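Engineer: File model_18.csv follows (CSV, C-alpha atoms):
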```csv
chain,number,residue,atom,x,y,z
A,1,MET,CA,77.7,36.4,47.9
A,2,ILE,CA,77.4,32.7,47.2
A,3,THR,CA,75.0,32.4,50.1
A,4,ARG,CA,72.8,35.2,48.7
A,5,TYR,CA,72.9,33.6,45.2
A,6,LEU,CA,71.9,30.2,46.7
A,7,ALA,CA,69.1,31.8,48.6
A,8,ILE,CA,67.7,33.5,45.5
A,9,THR,CA,68.0,30.3,43.5
A,10,LEU,CA,66.2,28.4,46.3
A,11,VAL,CA,63.4,31.0,46.4
A,12,ALA,CA,63.0,30.9,42.7
A,13,LEU,CA,62.9,27.1,42.7
A,14,VAL,CA,60.3,27.0,45.5
A,15,ASN,CA,58.1,29.6,43.7
A,16,SER,CA,58.3,27.7,40.4
A,17,THR,CA,57.4,24.5,42.2
A,18,ILE,CA,54.4,26.1,43.8
A,19,ALA,CA,53.3,27.6,40.5
A,20,GLY,CA,53.7,24.3,38.8
A,21,GLU,CA,51.5,22.6,41.5
A,22,ASN,CA,48.9,25.2,40.9
A,23,LYS,CA,48.9,24.8,37.2
A,24,ASP,CA,49.0,21.0,37.0
A,25,VAL,CA,45.6,19.8,37.8
A,26,SER,CA,45.9,16.5,35.9
A,27,VAL,CA,45.7,14.5,39.2
A,28,GLY,CA,42.6,16.3,40.2
A,29,GLU,CA,41.2,15.8,36.7
A,30,GLN,CA,41.7,12.1,37.0
A,31,LEU,CA,40.1,12.1,40.4
A,32,TYR,CA,37.1,14.0,39.0
A,33,VAL,CA,36.2,10.9,37.0
A,34,GLN,CA,34.8,9.6,40.3
A,35,CYS,CA,32.3,12.4,40.3
A,36,THR,CA,31.0,11.7,36.8
A,37,GLY,CA,28.4,9.2,37.9
A,38,CYS,CA,26.3,12.1,39.0
A,39,HIS,CA,28.0,15.4,37.9
A,40,SER,CA,29.2,17.1,34.8
A,41,PRO,CA,31.1,20.4,34.6
A,42,SER,CA,28.7,22.0,32.2
A,43,TYR,CA,25.2,20.6,32.7
A,44,HIS,CA,23.0,19.4,35.5
A,45,ARG,CA,22.7,15.7,35.9
A,46,THR,CA,21.7,13.7,39.0
A,47,GLY,CA,23.9,16.3,40.8
A,48,PRO,CA,24.4,19.9,39.8
A,49,LYS,CA,27.0,21.1,37.3
A,50,HIS,CA,30.4,22.2,38.6
A,51,CYS,CA,31.4,25.1,36.3
A,52,ASN,CA,31.9,28.2,38.4
A,53,ILE,CA,31.0,26.4,41.6
A,54,VAL,CA,34.0,27.8,43.5
A,55,GLY,CA,33.1,31.0,45.2
A,56,LYS,CA,29.4,30.5,44.9
A,57,GLN,CA,26.8,30.0,47.7
A,58,ALA,CA,25.7,26.4,47.9
A,59,ALA,CA,22.4,25.4,46.2
A,60,THR,CA,22.2,28.5,44.0
A,61,ALA,CA,22.8,27.2,40.5
A,62,LYS,CA,19.7,27.8,38.4
A,63,GLY,CA,17.8,24.9,37.1
A,64,PHE,CA,18.7,22.3,39.7
A,65,ASP,CA,16.4,21.0,42.4
A,66,TYR,CA,18.5,21.1,45.6
A,67,THR,CA,17.6,19.5,48.9
A,68,GLU,CA,16.4,21.8,51.6
A,69,ALA,CA,19.4,20.7,53.7
A,70,LEU,CA,21.8,22.2,51.2
A,71,LYS,CA,19.6,25.2,50.6
A,72,ASN,CA,19.6,26.0,54.3
A,73,SER,CA,23.3,25.2,54.8
A,74,GLY,CA,24.6,28.8,54.2
A,75,ILE,CA,27.7,27.3,52.8
A,76,ILE,CA,30.0,29.3,50.4
A,77,TRP,CA,32.0,26.9,48.3
A,78,ASN,CA,35.6,27.8,48.9
A,79,PHE,CA,38.7,25.6,49.3
A,80,ASP,CA,38.0,24.9,53.0
A,81,SER,CA,34.3,24.2,52.7
A,82,LEU,CA,34.8,22.0,49.7
A,83,ASP,CA,37.5,20.2,51.6
A,84,LEU,CA,35.2,19.5,54.5
A,85,PHE,CA,32.3,18.5,52.3
A,86,LEU,CA,34.3,16.1,50.2
A,87,LYS,CA,35.7,14.5,53.3
A,88,ASN,CA,32.2,13.5,54.4
A,89,PRO,CA,29.3,15.1,52.7
A,90,ILE,CA,26.6,13.6,54.9
A,91,LYS,CA,28.3,14.6,58.0
A,92,MET,CA,28.8,18.2,56.9
A,93,VAL,CA,25.3,18.5,55.4
A,94,PRO,CA,22.9,15.9,57.0
A,95,GLY,CA,20.1,15.5,54.5
A,96,THR,CA,22.1,16.1,51.4
A,97,SER,CA,21.3,13.8,48.5
A,98,MET,CA,25.0,13.4,47.7
A,99,GLY,CA,25.3,9.7,48.4
A,100,PHE,CA,29.0,9.6,48.6
A,101,ILE,CA,31.1,8.2,51.5
A,102,GLY,CA,33.7,10.9,51.0
A,103,MET,CA,37.4,11.1,50.2
A,104,ASN,CA,39.7,10.2,53.1
A,105,GLN,CA,42.9,11.3,51.7
A,106,LYS,CA,43.5,15.0,52.2
A,107,GLN,CA,46.0,15.2,49.3
A,108,GLN,CA,43.4,13.8,46.9
A,109,ARG,CA,40.7,16.2,48.1
A,110,HIS,CA,43.1,19.1,47.6
A,111,GLU,CA,44.0,17.9,44.1
A,112,LEU,CA,40.3,17.6,43.2
A,113,ILE,CA,39.5,21.0,44.6
A,114,ARG,CA,42.4,22.5,42.5
A,115,PHE,CA,40.8,21.0,39.5
A,116,LEU,CA,37.3,22.3,40.4
A,117,GLN,CA,38.9,25.8,40.7
A,118,THR,CA,39.8,25.6,37.1
A,119,LEU,CA,36.2,25.1,36.0
A,120,ASP,CA,35.5,28.7,35.2
A,121,ASN,CA,34.3,30.4,32.1
A,122,ASN,CA,37.8,30.2,30.5
A,123,ASN,CA,37.7,26.4,30.7
A,124,PRO,CA,36.7,24.7,27.5
A,125,ARG,CA,34.7,22.3,29.5
A,126,CYS,CA,32.5,25.2,30.6
A,127,GLN,CA,31.9,26.6,27.2
B,1,MET,CA,32.6,-1.0,12.8
B,2,THR,CA,33.2,-2.1,16.4
B,3,LYS,CA,33.9,-5.4,17.9
B,4,LEU,CA,30.7,-5.4,19.8
B,5,ASP,CA,28.0,-7.8,18.8
B,6,LEU,CA,25.4,-9.8,20.5
B,7,LYS,CA,24.0,-12.6,18.4
B,8,ASN,CA,21.6,-14.3,20.7
B,9,THR,CA,19.2,-11.7,21.7
B,10,ALA,CA,15.6,-11.4,20.7
B,11,LEU,CA,15.4,-7.7,21.5
B,12,GLY,CA,15.4,-5.3,18.5
B,13,ARG,CA,15.0,-1.6,17.9
B,14,ARG,CA,11.2,-1.8,17.7
B,15,GLN,CA,10.9,-3.7,21.0
B,16,PHE,CA,13.5,-1.4,22.5
B,17,LEU,CA,11.3,1.6,21.7
B,18,GLU,CA,8.1,0.0,22.8
B,19,THR,CA,9.0,-1.5,26.2
B,20,GLY,CA,10.0,1.6,28.1
B,21,GLY,CA,9.1,1.3,31.8
B,22,LYS,CA,7.2,-2.0,31.4
B,23,ILE,CA,9.8,-4.5,32.5
B,24,GLY,CA,8.8,-6.3,35.7
B,25,LEU,CA,11.2,-7.4,38.4
B,26,SER,CA,13.4,-10.4,37.4
B,27,GLY,CA,13.8,-13.4,39.6
B,28,ALA,CA,17.2,-12.1,40.8
B,29,ALA,CA,15.7,-8.7,41.6
B,30,ILE,CA,12.9,-10.3,43.6
B,31,ALA,CA,15.4,-12.3,45.5
B,32,LEU,CA,17.4,-9.2,46.3
B,33,LEU,CA,14.3,-7.3,47.2
B,34,SER,CA,13.0,-10.1,49.4
B,35,GLY,CA,16.3,-10.0,51.3
B,36,VAL,CA,15.8,-6.3,51.9
B,37,ASN,CA,12.3,-7.0,53.1
B,38,THR,CA,13.6,-9.5,55.7
B,39,ALA,CA,16.2,-7.1,56.8
B,40,CYS,CA,13.7,-4.3,57.2
B,41,ALA,CA,11.5,-6.5,59.3
B,42,GLU,CA,14.2,-7.9,61.5
B,43,THR,CA,16.6,-5.0,61.9
B,44,PRO,CA,15.0,-1.9,63.4
B,45,ALA,CA,16.5,1.2,61.9
B,46,THR,CA,16.1,4.7,63.2
B,47,ASN,CA,14.1,7.2,61.1
B,48,LEU,CA,17.3,9.0,60.4
B,49,GLN,CA,18.9,5.9,59.1
B,50,LEU,CA,15.9,5.0,56.9
B,51,GLU,CA,15.8,8.6,55.5
B,52,THR,CA,19.4,8.4,54.7
B,53,ASP,CA,19.0,5.0,53.0
B,54,VAL,CA,16.0,6.3,51.0
B,55,ARG,CA,17.9,9.4,49.9
B,56,ILE,CA,20.9,7.3,48.7
B,57,LEU,CA,18.5,4.9,46.9
B,58,ASN,CA,16.8,7.8,45.2
B,59,THR,CA,20.1,9.3,44.1
B,60,ALA,CA,20.9,5.9,42.5
B,61,LEU,CA,17.5,5.8,41.0
B,62,SER,CA,18.0,9.2,39.4
B,63,ALA,CA,21.2,8.0,37.9
B,64,GLU,CA,19.5,4.9,36.5
B,65,HIS,CA,16.8,7.0,34.9
B,66,GLU,CA,19.5,9.0,33.3
B,67,ALA,CA,21.2,5.9,32.0
B,68,VAL,CA,17.9,4.6,30.4
B,69,ALA,CA,17.4,8.0,28.7
B,70,ALA,CA,21.0,8.0,27.5
B,71,TYR,CA,20.7,4.6,25.9
B,72,GLN,CA,17.5,5.8,24.3
B,73,VAL,CA,19.3,8.7,22.8
B,74,GLY,CA,22.0,6.3,21.5
B,75,ALA,CA,19.4,3.9,20.1
B,76,GLU,CA,17.5,6.6,18.3
B,77,SER,CA,20.6,8.3,17.0
B,78,GLY,CA,20.7,6.1,13.9
B,79,LEU,CA,24.5,5.8,14.5
B,80,LEU,CA,24.5,2.3,15.9
B,81,THR,CA,25.0,-0.8,13.7
B,82,PRO,CA,22.4,-3.6,14.4
B,83,GLY,CA,24.7,-5.7,16.6
B,84,VAL,CA,25.7,-2.7,18.8
B,85,LEU,CA,22.1,-1.6,19.0
B,86,LYS,CA,21.1,-5.0,20.3
B,87,VAL,CA,23.7,-4.7,23.1
B,88,ALA,CA,22.6,-1.2,23.9
B,89,VAL,CA,19.0,-2.5,24.1
B,90,LYS,CA,20.1,-5.2,26.5
B,91,PHE,CA,22.0,-2.8,28.7
B,92,GLN,CA,19.1,-0.4,28.8
B,93,GLY,CA,16.9,-3.2,29.9
B,94,HIS,CA,19.3,-3.9,32.8
B,95,HIS,CA,19.0,-0.3,33.8
B,96,LYS,CA,15.3,-0.5,33.7
B,97,GLU,CA,15.4,-3.5,36.0
B,98,HIS,CA,17.6,-1.5,38.3
B,99,ILE,CA,15.0,1.2,38.4
B,100,ASP,CA,12.3,-1.3,39.2
B,101,LEU,CA,14.3,-2.7,42.1
B,102,LEU,CA,15.4,0.6,43.5
B,103,ALA,CA,11.9,2.1,43.2
B,104,SER,CA,10.3,-0.9,44.8
B,105,THR,CA,12.8,-0.7,47.7
B,106,VAL,CA,12.3,3.0,48.2
B,107,LYS,CA,8.5,2.3,48.5
B,108,LYS,CA,9.1,-0.6,50.9
B,109,LEU,CA,11.1,1.7,53.1
B,110,GLY,CA,8.3,4.2,53.1
B,111,GLY,CA,9.8,6.7,50.7
B,112,LYS,CA,8.7,8.2,47.4
B,113,PRO,CA,10.7,7.0,44.4
B,114,THR,CA,12.3,9.7,42.3
B,115,ASP,CA,10.8,10.0,38.8
B,116,ALA,CA,12.7,10.4,35.6
B,117,LYS,CA,13.3,14.0,34.5
B,118,GLN,CA,11.2,15.4,31.7
B,119,GLN,CA,14.4,16.3,29.8
B,120,TYR,CA,18.1,15.4,30.0
B,121,ASN,CA,20.8,17.7,28.7
B,122,PHE,CA,23.1,15.2,27.0
B,123,PRO,CA,25.9,16.4,24.8
B,124,VAL,CA,24.2,15.1,21.7
B,125,HIS,CA,26.1,17.5,19.4
B,126,GLN,CA,29.2,15.5,20.2
B,127,LEU,CA,27.7,12.2,19.0
B,128,ASN,CA,28.7,12.0,15.4
B,129,ASN,CA,29.4,8.3,14.9
B,130,GLU,CA,29.1,4.9,16.6
B,131,ARG,CA,32.4,5.3,18.5
B,132,ASP,CA,31.2,8.6,20.0
B,133,VAL,CA,28.0,6.9,21.3
B,134,LEU,CA,30.0,4.0,22.7
B,135,THR,CA,32.4,6.4,24.4
B,136,PHE,CA,29.5,8.4,25.8
B,137,ALA,CA,27.9,5.2,27.1
B,138,ALA,CA,31.2,3.9,28.6
B,139,GLY,CA,31.6,7.2,30.4
B,140,LEU,CA,28.2,6.9,31.9
B,141,GLU,CA,28.7,3.3,33.0
B,142,ARG,CA,32.1,4.1,34.5
B,143,GLY,CA,30.6,7.0,36.4
B,144,ALA,CA,27.8,4.8,37.6
B,145,VAL,CA,30.3,2.3,39.0
B,146,SER,CA,32.0,5.1,40.8
B,147,ALA,CA,28.7,6.3,42.2
B,148,TYR,CA,27.9,2.9,43.6
B,149,VAL,CA,31.4,2.5,45.0
B,150,GLY,CA,30.9,5.8,46.8
B,151,ALA,CA,27.4,5.1,48.0
B,152,ILE,CA,27.4,1.5,49.1
B,153,PRO,CA,29.4,2.2,52.3
B,154,LEU,CA,26.7,4.6,53.4
B,155,PHE,CA,23.9,2.1,53.7
B,156,ASP,CA,22.9,1.3,57.2
B,157,ASN,CA,21.1,-1.8,55.9
B,158,GLY,CA,23.5,-4.6,54.8
B,159,ASP,CA,20.9,-6.0,52.4
B,160,LEU,CA,20.6,-2.7,50.6
B,161,ALA,CA,24.4,-2.7,50.3
B,162,LYS,CA,24.3,-6.2,48.8
B,163,ALA,CA,21.6,-5.2,46.3
B,164,ALA,CA,23.5,-2.1,45.3
B,165,ALA,CA,26.7,-4.1,44.9
B,166,SER,CA,24.8,-6.5,42.6
B,167,ILE,CA,23.9,-3.5,40.4
B,168,LEU,CA,27.4,-2.2,40.6
B,169,ALA,CA,28.7,-5.5,39.3
B,170,ASP,CA,26.3,-5.4,36.3
B,171,GLU,CA,27.3,-1.9,35.4
B,172,ALA,CA,31.0,-2.8,35.7
B,173,MET,CA,30.4,-5.5,33.1
B,174,HIS,CA,28.7,-3.0,30.8
B,175,TRP,CA,31.7,-0.7,31.2
B,176,ALA,CA,34.1,-3.5,30.4
B,177,ILE,CA,32.2,-4.6,27.3
B,178,LEU,CA,32.0,-1.0,26.0
B,179,ARG,CA,35.7,-0.6,26.5
B,180,GLN,CA,36.3,-3.8,24.6
B,181,ALA,CA,34.2,-2.5,21.8
B,182,LEU,CA,36.2,0.7,21.7
B,183,GLY,CA,39.4,-1.3,21.4
B,184,LEU,CA,40.5,-0.5,25.0
B,185,ASP,CA,41.6,-2.8,27.7
B,186,PRO,CA,38.3,-4.0,29.1
B,187,VAL,CA,39.7,-4.5,32.6
B,188,PRO,CA,42.4,-1.8,33.0
B,189,GLY,CA,43.4,-2.8,36.6
B,190,ALA,CA,42.9,-5.0,39.5
B,191,PHE,CA,41.2,-2.3,41.4
B,192,PHE,CA,38.6,0.3,40.4
B,193,SER,CA,39.2,3.9,41.4
```
Please express what this file holds, its structure, as C-alpha cells.

Structural biologist:
Amino acid sequence: MITRYLAITLVALVNSTIAGENKDVSVGEQLYVQCTGCHSPSYHRTGPKHCNIVGKQAATAKGFDYTEALKNSGIIWNFDSLDLFLKNPIKMVPGTSMGFIGMNQKQQRHELIRFLQTLDNNNPRCQ
Amino acid sequence: MTKLDLKNTALGRRQFLETGGKIGLSGAAIALLSGVNTACAETPATNLQLETDVRILNTALSAEHEAVAAYQVGAESGLLTPGVLKVAVKFQGHHKEHIDLLASTVKKLGGKPTDAKQQYNFPVHQLNNERDVLTFAAGLERGAVSAYVGAIPLFDNGDLAKAAASILADEAMHWAILRQALGLDPVPGAFFS
C-alpha cells in the first residue's frame, strides 16, 4: 500500500515537473533577446517574424524576401529541425542569410525552441 | 527628462534630416577598409567563403539600414528633448558610417550591397514619450550587438571580423549610454549574452 502510494506520488511529481517545464519559457524568452538584432515575433525585420513559425514550411511567411537556399530547403519548422538549424544555420542551410554562428548548448536551444512554440495567435506578442 | 545630454555636438535636427546617406567614410573606416583590401589581396579565399562573407556583411548592412530608419523615426517623433535628439543624431550618424563601410566592403568583395527597405514596420504606436523611444533604441542597439556577436565568428577573413568587431564596440557603447539614460545599469555584466 505504501509502495503504491509512493509510486502514485512520484508519478504525480514527475508529471507536474514536466508540465512546469513546458509552461515556464522564461529562460527561452531571455535567450530570445539574442535573436532580436534581426527578428521580431510580430513583424519582419532583417529576418522574418517568428509568430506561428513552428509547424510551418520554411520560407513561406508572406512579405519576406527569403534566400533561394531556404526556399529550396524543404524544411518544416518543428522541434528537431529548429534544433538542428539553431545549432549551426549555415551548415544546415548553406546559402542562408542568417549570419549566426549557432548555439552550442543543447539545453539553451531547447529552451529557445520552447519559447518559439509559444509564439502563436494566443500570445500577446503576436497580436 | 532623461539623464542623456550631449553638449558638444554641432549636429542638430535640421542637419539630421538633411544629411541622410551623404556621410563619407571616416578615417577610421578607411583604415578598417584598407585592412580588408590587403587581406583580400593576400589571402586567397574560395568563392564559397567569399559568398558567405558577403552574405553576412549584407545581413549586417540590412540591420544598419534599419537602425538608421529607426533613429529617423525617433527624431521625427517630436518626443525627444533637444539634448537627447542630439545624441540620437550622433548615433544615427555612426550607423550611416557603418553602412558606408559595409557597403564598400561588399563591393570590394564583388557583391551587391543590400539597399534599405522602402518601409519598416516599427511599433510606432508604442512610442508615446521619450522613455519609450529610448527603450526602443536601446533594444535595437542591444540586438545589434547580439547580431555581431553571432556573426563575427563566421567570417573567413580576419580583417572583416576585426572591422565588424569595431562596429560591435560602437553599438555596445550606444546601448550602454541609452541604458544610462533610462536609469538602468549601463554595463550590467562582465560578459554580454

Engineer: Which one is closest to Ser40 (chain A): A:Ala69, A:Leu119, A:Ile75, A:Ala59? Count all atoms listed in the file.

Structural biologist: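 Among A:Ala69, A:Leu119, A:Ile75, A:Ala59, it is A:Leu119 that comes nearest to Ser40 (chain A).
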
Engineer: Give me the residues within 12 Å of Gln107 (chain A) as a list in words, counting only C-alpha atoms and dropping any in the same chain fewer than 6 places off.

Structural biologist: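 Surrounding residues, per the criterion: Val27, Gly28, Leu31, Asp83, Leu86, Lys87, Ile113 and Arg114 of chain A.
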
Engineer: Find the residues in chain A near chain B: any atom within 6 Å counts, using all atoms listed in the file. Write them as a list in words.

Structural biologist: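 So the contacting residues turn out to be Gln34, Thr36, Gly37, Thr46, Ser97, Gly99, Phe100 and Ile101 of chain A.
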
Engineer: Please indicate the distance in Å from CA of Gly78 (chain B) to CA of Glu97 (chain B), rounded to one decimal place.

Structural biologist: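 We find that CA of Gly78 (chain B) and CA of Glu97 (chain B) lie 24.7 Å from each other.
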
Engineer: Which value, in Å to one decimal, gives the distance between CA of Thr67 (chain A) and CA of Met98 (chain A)?

Structural biologist: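 Result for CA of Thr67 (chain A) versus CA of Met98 (chain A): 9.7 Å, one decimal.
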
Engineer: Is there a way to get, as a list in words, all residues within 9 Å of the point (30.9, -4.0, 24.7) in file coordinates, counting only C-alpha atoms?

Structural biologist: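 So the residues meeting the distance criterion are Thr2, Lys3, Leu4, Asp5, Val84, Val87, Ala88, Leu134, Ala138, Met173, His174, Trp175, Ala176, Ile177, Leu178, Arg179, Gln180, Ala181, Leu182 and Pro186 of chain B.
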